[in-house]
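Report on the structure given below.
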Amino acid sequence: MKIKLENLSKSFATQDVLVNINHELEFKSLALLGPSGSGKSTLLRLMAGLIESEKGSISINDQFVPKRAKELNDYRKSIGFVFQ
């Protein structure tokens with residue numbers, strides 16, 4: 001699997017959670033580790049299309065996470081993830 005994050009930013013009210021994240025990963029399996037409040041769940045929600053970023057993009061296997069409602073619903077049907 002390949003994940004690419006480009007200039008990804010997300011905040012809630014006045015709290016910046018992810019700020020201009022740029023990273024490209026290629027892997028067979030992935031675990032997100034980090035302290036409480038570091039943005040792990042926020043990143044998963046962004047990748048799943050459950051929330052929208054303020055800025056930037058996410059592509060998974062060279063397909064961008066859609067932002068339009070119809071495409072987003074189809075995308076959500078094709079993925080799955082597990083929190084904790």
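Starting from 1 in every chain, residues are counted up; chains themselves are A, B, ... following the order of the structure tokens, and ligands are numbered from 1 as listed.
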
Which residues, written as JSON, numbers by chain, have at least one atom at most 12 Å from Leu32 of chain A, with only C-alpha atoms counted and residues fewer than 5 positions away on the same chain left out? {"A": [38, 39, 40, 41, 42, 43, 44, 82, 83, 84]}

Would you give me, as a count of residues only, the residues in chain A that DSSP reads as strand (DSSP E)? 31

Nearby residues (only C-alpha atoms) at most 10 Å from segment 20-24 of chain A, same-chain spacing under 6 positions excluded, as number ranges by chain: A: 2-10, 55-60

Selection from above, N, CA and C atoms, as a CSV table (one decimal), in the first residue's frame, can you write it?
chain,number,residue,atom,x,y,z
A,2,LYS,N,0.4,2.3,-0.6
A,2,LYS,CA,1.1,3.5,-0.7
A,2,LYS,C,0.2,4.7,-0.2
A,3,ILE,N,0.7,5.5,0.7
A,3,ILE,CA,0.0,6.7,1.2
A,3,ILE,C,0.9,7.9,1.0
A,4,LYS,N,0.3,8.9,0.4
A,4,LYS,CA,1.0,10.2,0.2
A,4,LYS,C,0.2,11.3,0.8
A,5,LEU,N,0.8,12.1,1.7
A,5,LEU,CA,0.2,13.2,2.4
A,5,LEU,C,0.9,14.5,1.8
A,6,GLU,N,0.2,15.4,1.3
A,6,GLU,CA,0.8,16.6,0.8
A,6,GLU,C,0.2,17.9,1.4
A,7,ASN,N,1.0,18.6,2.1
A,7,ASN,CA,0.6,19.9,2.8
A,7,ASN,C,-0.7,19.7,3.6
A,8,LEU,N,-0.8,18.6,4.3
A,8,LEU,CA,-2.0,18.3,5.0
A,8,LEU,C,-2.1,19.1,6.3
A,9,SER,N,-3.2,19.7,6.5
A,9,SER,CA,-3.4,20.5,7.7
A,9,SER,C,-4.9,20.3,8.2
A,10,LYS,N,-5.0,20.2,9.6
A,10,LYS,CA,-6.3,20.0,10.2
A,10,LYS,C,-6.3,20.7,11.6
A,55,LYS,N,-6.6,22.0,4.5
A,55,LYS,CA,-5.6,22.2,3.4
A,55,LYS,C,-4.9,20.9,3.1
A,56,GLY,N,-4.5,20.8,1.9
A,56,GLY,CA,-3.7,19.6,1.5
A,56,GLY,C,-4.5,18.5,0.9
A,57,SER,N,-3.8,17.4,0.7
A,57,SER,CA,-4.5,16.2,0.1
A,57,SER,C,-3.9,14.9,0.6
A,58,ILE,N,-4.7,13.8,0.4
A,58,ILE,CA,-4.2,12.5,0.8
A,58,ILE,C,-4.5,11.6,-0.4
A,59,SER,N,-3.5,10.8,-0.8
A,59,SER,CA,-3.8,9.8,-1.8
A,59,SER,C,-3.4,8.5,-1.3
A,60,ILE,N,-4.2,7.5,-1.6
A,60,ILE,CA,-3.9,6.1,-1.2
A,60,ILE,C,-3.9,5.3,-2.5

Among segment 19-72 of chain A, which ones does DSSP assign to alpha helix (DSSP H) (computed from the backbone)? Answer as a VMD selection string. chain A and resid 40 to 48 69 to 72

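Reported to one decimal place, the separation of atom CA of Lys70 of chain A from atom CA of Leu50 of chain A is 13.5 Å.
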
Counting only C-alpha atoms, the residue of A:Phe64, A:Phe12, A:Phe81, A:Tyr75 that sits nearest Leu30 of chain A: A:Phe81

Excluding Arg68 of chain A and its own-chain neighbours fewer than 5 positions away, which residues fall within 12 Å of it when counting only C-alpha atoms? Please give them as a ChimeraX atom specification. /A:49,52,73-76

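Using only C-alpha atoms, the smallest distance between any of A:Asp62, A:Thr14, A:Ile51, A:Met1 and Glu26 of chain A comes from A:Met1.
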
Atom CA of Ile79 of chain A and atom CA of Leu33 of chain A are how many Å apart? 20.9 Å

What is the distance, in Å and to one decimal place, between atom CA of Lys67 of chain A and atom CA of Met47 of chain A? 11.3 Å
